[in-house]
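Engineer: start.cif (mmCIF, C-alpha atoms) pasted underneath:
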```
data_my_file
loop_
_atom_site.label_atom_id
_atom_site.label_comp_id
_atom_site.auth_asym_id
_atom_site.auth_seq_id
_atom_site.Cartn_x
_atom_site.Cartn_y
_atom_site.Cartn_z
CA MET A 1 10.94 29.63 -4.24
CA THR A 2 11.44 31.89 -7.26
CA LEU A 3 9.79 31.25 -10.62
CA GLU A 4 13.21 30.34 -12.07
CA ASP A 5 13.85 27.77 -9.33
CA PHE A 6 10.37 26.34 -9.78
CA ILE A 7 10.87 25.96 -13.54
CA ALA A 8 14.21 24.22 -12.99
CA GLU A 9 12.76 21.79 -10.45
CA PHE A 10 9.65 21.22 -12.55
CA ALA A 11 11.76 20.45 -15.62
CA ALA A 12 13.97 18.09 -13.61
CA GLN A 13 11.01 15.74 -13.24
CA PHE A 14 11.06 15.03 -16.98
CA ASP A 15 13.35 13.31 -19.48
CA ASP A 16 16.43 15.37 -20.37
CA LYS A 17 15.23 15.87 -23.91
CA GLU A 18 11.87 17.15 -22.82
CA ALA A 19 13.25 19.03 -19.79
CA ALA A 20 15.43 21.26 -21.99
CA SER A 21 12.37 22.69 -23.70
CA ILE A 22 10.43 23.49 -20.52
CA GLY A 23 10.01 27.17 -19.69
CA ALA A 24 7.53 29.54 -18.01
CA ASP A 25 5.11 29.36 -20.92
CA THR A 26 5.19 25.58 -21.42
CA LYS A 27 1.72 24.05 -21.40
CA TYR A 28 2.75 21.11 -19.27
CA GLN A 29 -0.33 18.99 -19.88
CA GLU A 30 0.66 18.85 -23.55
CA LEU A 31 4.07 17.30 -22.78
CA ALA A 32 4.46 13.78 -24.20
CA GLU A 33 5.41 12.43 -20.78
CA TRP A 34 2.55 14.04 -18.88
CA GLY A 35 0.43 11.53 -16.95
CA SER A 36 -0.71 10.39 -13.52
CA LEU A 37 2.88 9.85 -12.36
CA SER A 38 3.90 13.40 -13.38
CA MET A 39 0.95 14.61 -11.35
CA MET A 40 2.38 12.87 -8.28
CA LEU A 41 5.87 14.27 -8.95
CA VAL A 42 4.49 17.80 -9.22
CA ILE A 43 2.44 17.39 -6.03
CA ALA A 44 5.61 16.31 -4.18
CA LEU A 45 7.57 19.23 -5.66
CA ILE A 46 4.93 21.73 -4.52
CA HIS A 47 4.65 20.09 -1.10
CA SER A 48 8.39 20.38 -0.50
CA GLY A 49 8.77 23.83 -2.08
CA PHE A 50 5.69 25.56 -0.69
CA GLY A 51 4.46 23.30 2.13
CA LYS A 52 1.11 23.08 0.35
CA ASN A 53 -1.06 20.30 -0.99
CA VAL A 54 -2.45 20.85 -4.48
CA SER A 55 -5.19 18.66 -5.91
CA ALA A 56 -5.22 17.06 -9.34
CA ASP A 57 -8.02 19.45 -10.30
CA GLU A 58 -5.89 22.49 -9.37
CA ILE A 59 -2.99 21.16 -11.46
CA ARG A 60 -5.35 20.48 -14.38
CA GLY A 61 -6.91 23.91 -13.91
CA CYS A 62 -3.62 25.70 -14.63
CA ASP A 63 -2.29 26.05 -18.14
CA THR A 64 1.40 26.91 -18.12
CA VAL A 65 4.25 26.29 -15.67
CA LYS A 66 4.09 29.98 -14.72
CA ASP A 67 0.32 29.75 -14.08
CA LEU A 68 0.92 26.86 -11.72
CA TYR A 69 3.72 28.74 -9.93
CA LEU A 70 1.51 31.80 -9.48
CA HIS A 71 -1.32 29.62 -8.22
CA VAL A 72 0.72 27.82 -5.57
CA SER A 73 2.83 30.81 -4.54
CA GLY A 74 -0.33 32.82 -3.97
CA GLU A 75 0.75 35.52 -6.40
CA SER A 76 -2.09 35.00 -8.88
CA MET B 1 0.29 -10.92 29.36
CA ASN B 2 1.52 -9.82 25.95
CA ALA B 3 0.86 -10.81 22.34
CA TYR B 4 3.65 -11.74 19.95
CA ILE B 5 4.24 -12.34 16.26
CA LYS B 6 5.58 -15.88 16.13
CA HIS B 7 5.99 -16.45 12.40
CA VAL B 8 5.29 -14.79 9.04
CA ALA B 9 5.09 -16.40 5.57
CA TYR B 10 3.81 -15.30 2.19
CA VAL B 11 3.12 -16.59 -1.31
CA LEU B 12 2.93 -15.01 -4.75
CA PRO B 13 1.01 -16.38 -7.75
CA ASP B 14 3.20 -17.97 -10.46
CA ALA B 15 2.41 -15.65 -13.39
CA ILE B 16 4.56 -12.53 -13.66
CA LEU B 17 3.66 -9.27 -15.37
CA SER B 18 7.05 -7.74 -16.21
CA ASN B 19 7.93 -4.25 -17.39
CA ASP B 20 8.89 -5.76 -20.76
CA THR B 21 5.38 -7.13 -21.14
CA LEU B 22 3.89 -3.76 -20.16
CA SER B 23 6.16 -2.06 -22.74
CA LYS B 24 4.81 -4.34 -25.44
CA LEU B 25 1.22 -3.79 -24.36
CA PHE B 26 1.62 0.01 -24.15
CA PRO B 27 4.36 0.94 -26.65
CA GLU B 28 3.61 4.67 -26.35
CA TRP B 29 4.45 4.57 -22.65
CA SER B 30 7.97 4.97 -21.21
CA VAL B 31 7.57 2.02 -18.85
CA ASN B 32 11.21 1.78 -17.76
CA LYS B 33 11.38 5.40 -16.69
CA ILE B 34 8.14 5.03 -14.78
CA ALA B 35 9.39 1.76 -13.26
CA ASP B 36 12.45 3.59 -11.94
CA LYS B 37 10.22 6.12 -10.19
CA ILE B 38 7.72 3.66 -8.75
CA GLY B 39 10.39 1.04 -8.01
CA ILE B 40 8.52 -1.91 -9.51
CA ARG B 41 9.90 -4.34 -12.11
CA GLU B 42 7.52 -7.30 -11.69
CA ARG B 43 4.11 -8.02 -10.29
CA HIS B 44 2.66 -11.48 -9.74
CA ILE B 45 -0.82 -12.00 -11.13
CA ALA B 46 -3.31 -14.64 -10.00
CA ALA B 47 -4.50 -17.13 -12.63
CA GLU B 48 -8.07 -16.73 -13.86
CA SER B 49 -9.30 -19.54 -11.63
CA GLU B 50 -7.09 -18.61 -8.67
CA THR B 51 -8.58 -16.50 -5.88
CA ALA B 52 -7.32 -14.67 -2.81
CA VAL B 53 -8.68 -17.55 -0.72
CA ASP B 54 -6.54 -20.01 -2.71
CA LEU B 55 -3.48 -17.83 -2.14
CA ALA B 56 -4.23 -17.37 1.58
CA GLU B 57 -4.57 -21.14 1.94
CA GLN B 58 -1.15 -21.59 0.29
CA ALA B 59 0.41 -18.97 2.58
CA ALA B 60 -0.98 -20.68 5.67
CA GLN B 61 0.13 -24.14 4.47
CA LYS B 62 3.61 -22.74 3.87
CA LEU B 63 3.72 -21.31 7.39
CA PHE B 64 2.48 -24.57 8.94
CA GLU B 65 5.02 -26.66 7.02
CA GLU B 66 8.08 -24.40 7.25
CA LYS B 67 7.60 -23.61 10.93
CA GLN B 68 6.18 -27.01 11.89
CA ILE B 69 3.03 -25.56 13.41
CA ASP B 70 0.37 -27.91 14.74
CA ARG B 71 -2.77 -26.66 13.02
CA ASN B 72 -4.85 -27.90 15.95
CA SER B 73 -3.19 -25.19 18.04
CA VAL B 74 -4.91 -22.43 15.99
CA ASP B 75 -8.04 -21.26 17.77
CA PHE B 76 -8.91 -18.19 15.66
CA VAL B 77 -8.47 -17.27 12.00
CA LEU B 78 -8.77 -13.70 10.73
CA PHE B 79 -8.77 -13.01 7.00
CA CYS B 80 -8.19 -9.51 5.65
CA THR B 81 -9.42 -9.34 2.06
CA GLN B 82 -11.25 -7.18 -0.43
CA SER B 83 -11.42 -10.09 -2.88
CA PRO B 84 -13.65 -12.66 -1.13
CA ASP B 85 -14.72 -15.84 -2.92
CA TYR B 86 -18.40 -15.07 -2.25
CA LEU B 87 -20.48 -12.22 -0.87
CA LEU B 88 -21.40 -14.88 1.64
CA PRO B 89 -20.33 -17.15 3.28
CA THR B 90 -17.31 -15.65 5.01
CA SER B 91 -14.03 -16.61 3.31
CA ALA B 92 -12.39 -17.31 6.70
CA CYS B 93 -14.97 -20.09 7.22
CA LEU B 94 -13.90 -21.65 3.91
CA LEU B 95 -10.29 -21.39 5.06
CA GLN B 96 -11.07 -23.13 8.38
CA GLU B 97 -12.23 -26.16 6.40
CA ARG B 98 -9.53 -26.05 3.74
CA LEU B 99 -6.73 -25.68 6.26
CA GLY B 100 -8.08 -28.44 8.50
CA LEU B 101 -8.37 -26.10 11.47
CA PRO B 102 -10.39 -27.35 14.44
CA LYS B 103 -14.14 -26.72 14.49
CA THR B 104 -13.66 -24.98 17.84
CA CYS B 105 -11.79 -22.25 15.93
CA GLY B 106 -13.35 -18.78 15.56
CA ALA B 107 -13.23 -17.25 12.05
CA LEU B 108 -14.00 -13.89 10.53
CA ASP B 109 -13.17 -11.74 7.51
CA PHE B 110 -12.49 -8.05 7.65
CA ASN B 111 -12.54 -5.76 4.65
CA LEU B 112 -9.59 -3.38 4.58
CA GLY B 113 -6.83 -2.68 2.09
CA CYS B 114 -3.40 -1.19 2.73
CA SER B 115 -4.03 -0.53 6.44
CA GLY B 116 -5.45 -4.03 6.93
CA TYR B 117 -2.41 -5.84 8.27
CA ILE B 118 -2.00 -3.40 11.18
CA TYR B 119 -5.70 -3.64 11.99
CA GLY B 120 -5.35 -7.43 11.85
CA LEU B 121 -2.47 -7.36 14.32
CA SER B 122 -4.59 -5.24 16.67
CA LEU B 123 -7.55 -7.66 16.44
CA ALA B 124 -5.25 -10.65 16.98
CA LYS B 125 -3.61 -8.95 19.96
CA GLY B 126 -7.05 -8.16 21.41
CA LEU B 127 -8.14 -11.79 21.10
CA VAL B 128 -4.96 -13.03 22.78
CA MET B 129 -4.86 -10.40 25.53
CA GLY B 130 -8.57 -10.84 26.21
CA GLY B 131 -7.99 -14.52 26.83
CA MET B 132 -10.24 -15.49 23.89
CA ALA B 133 -7.54 -17.18 21.82
CA LYS B 134 -4.04 -18.53 22.28
CA ASN B 135 -2.95 -18.74 18.65
CA VAL B 136 -4.48 -16.47 16.03
CA LEU B 137 -3.80 -17.12 12.35
CA LEU B 138 -3.89 -13.72 10.65
CA LEU B 139 -4.23 -14.07 6.88
CA THR B 140 -4.13 -11.33 4.24
CA GLY B 141 -4.85 -11.86 0.57
CA ASP B 142 -6.00 -9.87 -2.43
CA THR B 143 -6.22 -10.17 -6.19
CA TYR B 144 -6.71 -6.56 -7.28
CA SER B 145 -5.56 -7.60 -10.77
CA LYS B 146 -9.04 -9.03 -11.33
CA TYR B 147 -10.55 -5.57 -10.69
CA ILE B 148 -8.25 -3.55 -12.98
CA HIS B 149 -9.34 -2.64 -16.53
CA LYS B 150 -6.91 -4.23 -19.01
CA SER B 151 -6.22 -0.80 -20.55
CA ASP B 152 -5.52 0.85 -17.18
CA LYS B 153 -1.74 0.88 -17.51
CA SER B 154 -1.14 2.96 -14.36
CA ASN B 155 -2.85 0.56 -11.99
CA ARG B 156 -1.53 -2.50 -13.83
CA ALA B 157 1.99 -1.15 -13.27
CA ILE B 158 1.38 -0.62 -9.55
CA PHE B 159 -0.61 -3.53 -8.10
CA GLY B 160 0.42 -7.16 -7.63
CA ASP B 161 -1.46 -10.12 -6.14
CA ALA B 162 -0.25 -11.92 -3.01
CA ALA B 163 -1.23 -13.47 0.31
CA SER B 164 0.40 -13.76 3.71
CA ALA B 165 0.04 -15.72 6.93
CA THR B 166 1.09 -14.54 10.40
CA LEU B 167 0.80 -16.48 13.60
CA VAL B 168 0.09 -14.34 16.67
CA GLY B 169 0.13 -15.87 20.12
CA SER B 170 0.75 -15.35 23.81
CA LEU B 171 4.33 -16.64 23.60
CA GLY B 172 7.14 -15.47 21.32
CA ARG B 173 9.97 -13.02 20.86
CA VAL B 174 8.54 -10.14 18.82
CA ARG B 175 6.01 -8.32 20.98
CA ILE B 176 3.13 -6.35 19.49
CA ASP B 177 3.06 -3.00 21.30
CA ARG B 178 0.61 -0.08 21.09
CA PHE B 179 -1.48 1.07 18.14
CA VAL B 180 -2.79 4.27 16.60
CA PHE B 181 -5.76 4.19 14.22
CA GLY B 182 -7.42 6.64 11.84
CA THR B 183 -10.31 6.78 9.39
CA ASP B 184 -11.73 9.35 6.98
CA GLY B 185 -14.68 7.99 5.02
CA SER B 186 -15.07 11.31 3.18
CA GLY B 187 -12.15 10.14 1.01
CA ARG B 188 -14.01 7.02 -0.17
CA ASP B 189 -14.05 8.06 -3.84
CA GLY B 190 -10.26 8.25 -4.09
CA LEU B 191 -9.92 4.47 -4.31
CA ILE B 192 -13.11 2.62 -5.14
CA ILE B 193 -14.89 -0.07 -7.13
CA GLN B 194 -18.32 1.47 -7.41
CA SER B 195 -20.60 -1.23 -8.72
CA GLY B 196 -21.07 -4.95 -8.26
CA SER B 197 -22.14 -4.77 -4.65
CA ASN B 198 -25.44 -3.58 -3.19
CA ARG B 199 -25.32 0.22 -3.67
CA PHE B 200 -25.02 -0.09 -7.44
CA PRO B 201 -25.47 -3.80 -8.21
CA GLU B 202 -25.42 -3.43 -12.00
CA GLY B 203 -23.60 -0.13 -12.27
CA GLY B 204 -26.40 1.39 -14.37
CA GLU B 205 -26.97 4.43 -12.18
CA CYS B 206 -23.51 4.54 -10.82
CA PRO B 207 -22.20 8.13 -10.97
CA PRO B 208 -19.10 8.44 -13.11
CA VAL B 209 -15.76 9.18 -11.50
CA LEU B 210 -14.01 11.65 -13.75
CA ASP B 211 -10.36 11.16 -14.45
CA ALA B 212 -9.15 10.94 -18.01
CA SER B 213 -5.86 9.32 -17.04
CA ASN B 214 -7.49 6.11 -15.76
CA PHE B 215 -9.35 3.53 -17.83
CA TYR B 216 -12.15 1.85 -15.97
CA SER B 217 -15.84 1.24 -15.83
CA SER B 218 -17.82 1.38 -12.60
CA LYS B 219 -16.98 -2.30 -12.13
CA HIS B 220 -13.24 -1.65 -12.20
CA LEU B 221 -10.79 -0.35 -9.66
CA TYR B 222 -10.53 3.42 -9.77
CA MET B 223 -7.68 5.23 -8.06
CA ASN B 224 -7.25 9.00 -7.93
CA GLY B 225 -3.49 8.81 -7.44
CA ALA B 226 -3.14 12.53 -6.71
CA ALA B 227 -5.82 12.45 -4.00
CA VAL B 228 -4.34 9.34 -2.38
CA PHE B 229 -0.85 10.87 -2.48
CA ASN B 230 -2.07 14.09 -0.84
CA PHE B 231 -3.86 12.01 1.80
CA THR B 232 -0.66 10.18 2.70
CA LEU B 233 1.33 13.43 2.84
CA ASP B 234 -1.29 14.76 5.27
CA ILE B 235 -1.69 11.81 7.60
CA VAL B 236 1.48 9.69 7.59
CA PRO B 237 3.88 12.15 9.31
CA GLU B 238 1.29 12.71 12.06
CA LEU B 239 0.65 8.95 12.28
CA VAL B 240 4.36 8.28 12.81
CA ARG B 241 4.55 10.97 15.52
CA LYS B 242 1.51 9.56 17.31
CA VAL B 243 2.78 5.98 17.17
CA LEU B 244 6.09 7.11 18.71
CA ASP B 245 4.22 9.05 21.43
CA GLN B 246 1.82 6.19 22.13
CA ASN B 247 4.78 3.88 22.67
CA ASP B 248 6.89 6.43 24.63
CA LEU B 249 9.55 5.86 22.02
CA ASP B 250 12.34 8.11 20.74
CA SER B 251 12.50 7.94 16.93
CA LYS B 252 16.26 7.28 17.18
CA LEU B 253 15.56 3.96 18.89
CA VAL B 254 13.56 2.60 15.95
CA ASP B 255 15.71 0.14 13.96
CA ARG B 256 13.39 -0.22 10.99
CA TYR B 257 10.46 1.73 9.63
CA VAL B 258 8.22 -0.54 7.57
CA PHE B 259 5.45 1.34 5.78
CA HIS B 260 2.86 -0.06 3.43
CA GLN B 261 4.80 -0.55 0.17
CA ALA B 262 2.68 1.71 -2.05
CA ASN B 263 5.35 2.75 -4.54
CA LYS B 264 8.97 3.87 -4.24
CA PHE B 265 8.44 7.53 -5.11
CA MET B 266 5.64 7.93 -2.59
CA LEU B 267 7.67 6.17 0.10
CA GLU B 268 10.79 8.25 -0.56
CA THR B 269 8.71 11.44 -0.35
CA LEU B 270 7.14 10.30 2.91
CA ARG B 271 10.55 9.31 4.29
CA LYS B 272 11.89 12.82 3.63
CA VAL B 273 8.81 14.53 5.07
CA CYS B 274 8.99 12.29 8.17
CA ARG B 275 12.80 12.88 8.40
CA ILE B 276 13.58 9.16 8.62
CA PRO B 277 17.20 8.15 7.83
CA GLU B 278 17.45 6.20 4.56
CA GLU B 279 19.22 3.22 6.15
CA LYS B 280 16.36 2.67 8.59
CA PHE B 281 13.61 2.87 5.99
CA TYR B 282 12.50 -0.20 4.07
CA VAL B 283 11.65 0.06 0.37
CA GLY B 284 11.20 -3.30 -1.34
CA MET B 285 8.37 -3.77 -3.80
CA GLU B 286 10.57 -4.24 -6.88
CA ARG B 287 9.55 -7.84 -7.62
CA VAL B 288 6.05 -7.84 -6.11
CA GLY B 289 4.46 -4.41 -6.69
CA ASN B 290 1.92 -2.92 -4.31
CA THR B 291 0.34 -5.98 -2.71
CA VAL B 292 -2.22 -4.07 -0.59
CA SER B 293 -2.69 -5.70 2.85
CA SER B 294 0.12 -8.21 2.20
CA SER B 295 2.83 -5.59 1.62
CA ILE B 296 3.86 -5.19 5.28
CA PRO B 297 4.00 -8.94 6.10
CA ILE B 298 5.97 -9.51 2.86
CA ALA B 299 8.40 -6.80 3.99
CA LEU B 300 8.67 -8.33 7.49
CA SER B 301 9.41 -11.70 5.96
CA ASP B 302 11.96 -10.35 3.44
CA ILE B 303 13.75 -8.36 6.16
CA GLY B 304 13.74 -11.44 8.40
CA ALA B 305 12.25 -9.22 11.09
CA ILE B 306 11.04 -12.10 13.23
CA GLU B 307 14.29 -14.09 13.09
CA ASP B 308 16.93 -11.33 12.80
CA ASN B 309 18.21 -10.54 16.28
CA SER B 310 19.70 -7.22 15.14
CA VAL B 311 16.25 -5.70 14.57
CA ASN B 312 14.81 -4.82 17.96
CA LYS B 313 12.30 -2.06 17.30
CA LEU B 314 10.11 -1.76 14.22
CA LEU B 315 7.56 0.93 13.46
CA LEU B 316 4.83 -0.24 11.09
CA ALA B 317 2.42 2.06 9.23
CA GLY B 318 -0.39 1.17 6.82
CA PHE B 319 -2.55 3.65 4.89
CA GLY B 320 -4.92 3.57 1.96
CA VAL B 321 -8.41 2.70 0.76
CA GLY B 322 -11.22 3.81 3.08
CA LEU B 323 -9.56 6.10 3.71
CA SER B 324 -8.01 4.17 6.56
CA TRP B 325 -4.70 4.20 8.39
CA ALA B 326 -3.00 2.62 11.39
CA GLY B 327 0.42 2.15 12.91
CA CYS B 328 2.10 0.21 15.70
CA VAL B 329 5.46 -0.76 17.16
CA LEU B 330 6.99 -4.25 17.36
CA THR B 331 9.66 -4.96 19.99
CA ARG B 332 12.02 -7.89 20.20
CA GLU B 333 12.24 -9.07 23.79
CA ALA B 334 15.63 -10.07 25.16
CA SER B 335 15.91 -13.84 25.32
#
```
Starting from the coordinates I provided, produce the structure as structure tokens.

Structural biologist:
Amino acid sequence: MTLEDFIAEFAAQFDDKEAASIGADTKYQELAEWGSLSMMLVIALIHSGFGKNVSADEIRGCDTVKDLYLHVSGES
Amino acid sequence: MNAYIKHVAYVLPDAILSNDTLSKLFPEWSVNKIADKIGIRERHIAAESETAVDLAEQAAQKLFEEKQIDRNSVDFVLFCTQSPDYLLPTSACLLQERLGLPKTCGALDFNLGCSGYIYGLSLAKGLVMGGMAKNVLLLTGDTYSKYIHKSDKSNRAIFGDAASATLVGSLGRVRIDRFVFGTDGSGRDGLIIQSGSNRFPEGGECPPVLDASNFYSSKHLYMNGAAVFNFTLDIVPELVRKVLDQNDLDSKLVDRYVFHQANKFMLETLRKVCRIPEEKFYVGMERVGNTVSSSIPIALSDIGAIEDNSVNKLLLAGFGVGLSWAGCVLTREAS
């Protein structure tokens, strides 16, 4: 999965209004909608896209959408 | 000899916690959007003075009355609960008296959550097949609402209270086939009420569980949703494979897959990972929420699995607190 695809799928988990503003440098934990459900949605996205399980701590440990992509794609 | 599910019934408490009420309680929260994802619109909540034992009694009475069961025919009662009336005595003993079951009846509680119904079926089958009982009344009941902090919106949106009653015996149409079990106690902190029992009676020295998204004290229910979700992604696909193998069953021959009704998003994700066709996969917690050990019997009752002659093979899977999981197959025998 490319970074662009990941951003698109990540953004699709959020409300249209909020999704439009999501990019590589978005600090996702600062999004108004961010919460325990978003955590589950992101875990499912990473599981289907990368075949990997990420923990809540790993998701919290990353800052931006790009950081998370690099973390799960093993490029960081 | 075989063991069969003869009847299933369930009850819900009267009070309803709707999404509208949650919206008013937590105006900053987009409840409707979340409800769409988790697939829950209402949860039933036990009254302050109403316990899981009260609900289990109602479920059993309903089963006796609707199915015209002679209560003297019950020779064992099993009660799956994590919300007992007392630390002791055993709640199943209270239920023997309240239901007017014979004094020759065996009774025991077992403490499991979302995997509990499957474990209960296995215990009931063992009692029947071992010649120790002819009719086992398997009850499930929980009131998690009493454990949830009033500001914990996530768990309030998920869990509902309920109880169920299932009669298992040596005669019937829906046969209980083979089981697969699993346990991983290292995941105990993912879903826990830390204090109030003997390890931390007062909660004073109870180590904190860190998660800013949940409101709780050590006396409240804590759920690390991400950890529980990862656990299910890890074990459920393998559980389904093993249950099929154990029963020498081709997945195509399963008419209905009935998993513990955790929440819609989790179930849909598991369905895709397990490659189960949508039309064979039951999702139905919209008006009850996640009812822990009662979710599978509620689903069986709502589907009409015991009465509906078009459903011949069901695969059941339960998974959750413990961590604990189990699965089995039910088969309708030709009449």

Engineer: Would you list the residues near (-1.9, 7.5, -6.4), meaning any protein, DNA or RNA residue with an atom at most 9 Å from that point in file coordinates, counting only C-alpha atoms, as a ChimeraX atom specification?

Structural biologist: /A:36-37,40 /B:155,190-191,223-230,262-263,266

Engineer: Could the residues of chain A within 12 Å of chain B, counting all atoms listed in the file, be given as a PyMOL selection string, please?

Structural biologist: chain A and resi 13-16+29+32-49+51-60

Engineer: So how many Å separate atom CA of Leu171 of chain B and atom CA of Val77 of chain B, to one decimal?

Structural biologist: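 About the pair atom CA of Leu171 of chain B and atom CA of Val77 of chain B: they are 17.3 Å apart.
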
Engineer: Pull out every residue that the PyMOL selection byres ((chain A and resi 27) around 9) matches in the shown coordinates and put them as an mmCIF file with C-alpha atoms, in the frame of the given file.

Structural biologist:
```cif
data_model
loop_
_atom_site.group_PDB
_atom_site.id
_atom_site.type_symbol
_atom_site.label_atom_id
_atom_site.label_comp_id
_atom_site.auth_asym_id
_atom_site.auth_seq_id
_atom_site.Cartn_x
_atom_site.Cartn_y
_atom_site.Cartn_z
ATOM 1 C CA ILE A 22 10.430 23.490 -20.520
ATOM 2 C CA ALA A 24 7.530 29.540 -18.010
ATOM 3 C CA ASP A 25 5.110 29.360 -20.920
ATOM 4 C CA THR A 26 5.190 25.580 -21.420
ATOM 5 C CA TYR A 28 2.750 21.110 -19.270
ATOM 6 C CA GLN A 29 -0.330 18.990 -19.880
ATOM 7 C CA GLU A 30 0.660 18.850 -23.550
ATOM 8 C CA LEU A 31 4.070 17.300 -22.780
ATOM 9 C CA CYS A 62 -3.620 25.700 -14.630
ATOM 10 C CA ASP A 63 -2.290 26.050 -18.140
ATOM 11 C CA THR A 64 1.400 26.910 -18.120
ATOM 12 C CA VAL A 65 4.250 26.290 -15.670
#
```

Engineer: Find the residues near Lys219 of chain B: any atom within 8 Å, counting all atoms listed in the file, skip ones fewer than 6 places away on the same chain, and give them as number ranges by chain.

Structural biologist: B: 147, 193-196, 203

Engineer: Please produce a file of the residues just selected, as an mmCIF file, keeping the file's coordinate frame, where the atoms kept are C-alpha atoms.

Structural biologist:
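Writing done, so here's selection_24.cif:
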```cif
data_model
loop_
_atom_site.group_PDB
_atom_site.id
_atom_site.type_symbol
_atom_site.label_atom_id
_atom_site.label_comp_id
_atom_site.auth_asym_id
_atom_site.auth_seq_id
_atom_site.Cartn_x
_atom_site.Cartn_y
_atom_site.Cartn_z
ATOM 1 C CA TYR B 147 -10.550 -5.570 -10.690
ATOM 2 C CA ILE B 193 -14.890 -0.070 -7.130
ATOM 3 C CA GLN B 194 -18.320 1.470 -7.410
ATOM 4 C CA SER B 195 -20.600 -1.230 -8.720
ATOM 5 C CA GLY B 196 -21.070 -4.950 -8.260
ATOM 6 C CA GLY B 203 -23.600 -0.130 -12.270
#
```

Engineer: Determine the residue set returned by the PyMOL selection byres ((chain A and resi 5) around 12) for the present structure, and present it as a ChimeraX atom specification.

Structural biologist: /A:1-4,6-12,23-24,45-46,49,65-66,69

Engineer: Got time to write the residues from that selection, C-alpha atoms, as a compact mmCIF listing (two decimals), in the frame of the given file?

Structural biologist:
```txt
# COMPACT_ATOMS: atom_id res chain seq x y z
CA MET A 1 10.94 29.63 -4.24
CA THR A 2 11.44 31.89 -7.26
CA LEU A 3 9.79 31.25 -10.62
CA GLU A 4 13.21 30.34 -12.07
CA PHE A 6 10.37 26.34 -9.78
CA ILE A 7 10.87 25.96 -13.54
CA ALA A 8 14.21 24.22 -12.99
CA GLU A 9 12.76 21.79 -10.45
CA PHE A 10 9.65 21.22 -12.55
CA ALA A 11 11.76 20.45 -15.62
CA ALA A 12 13.97 18.09 -13.61
CA GLY A 23 10.01 27.17 -19.69
CA ALA A 24 7.53 29.54 -18.01
CA LEU A 45 7.57 19.23 -5.66
CA ILE A 46 4.93 21.73 -4.52
CA GLY A 49 8.77 23.83 -2.08
CA VAL A 65 4.25 26.29 -15.67
CA LYS A 66 4.09 29.98 -14.72
CA TYR A 69 3.72 28.74 -9.93
```

Engineer: What is the atom CA of Leu88 of chain B-atom CA of Leu167 of chain B distance in Å, reported with one decimal?

Structural biologist: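 Between atom CA of Leu88 of chain B and atom CA of Leu167 of chain B the gap is 25.3 Å.
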
Engineer: One decimal, in Å: what's the spacing between atom CA of Gly126 of chain B and atom CA of Asp109 of chain B?

Structural biologist: 15.6 Å

Engineer: Counting all atoms listed in the file, note down every residue that has an atom within 7 Å of the point (-13.1, -18.3, -3.9) (file coordinates), as a list in words.

Structural biologist: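 Protein and nucleic acid residues near the point are Thr51, Ala52, Val53, Asp54, Pro84, Asp85 and Tyr86 of chain B.
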
Engineer: How would you write, as a PyMOL selection string, the residues chosen by the PyMOL selection byres ((chain B and resi 80) around 7) on this structure?

Structural biologist: chain B and resi 78-79+81+109-112+116+139-141
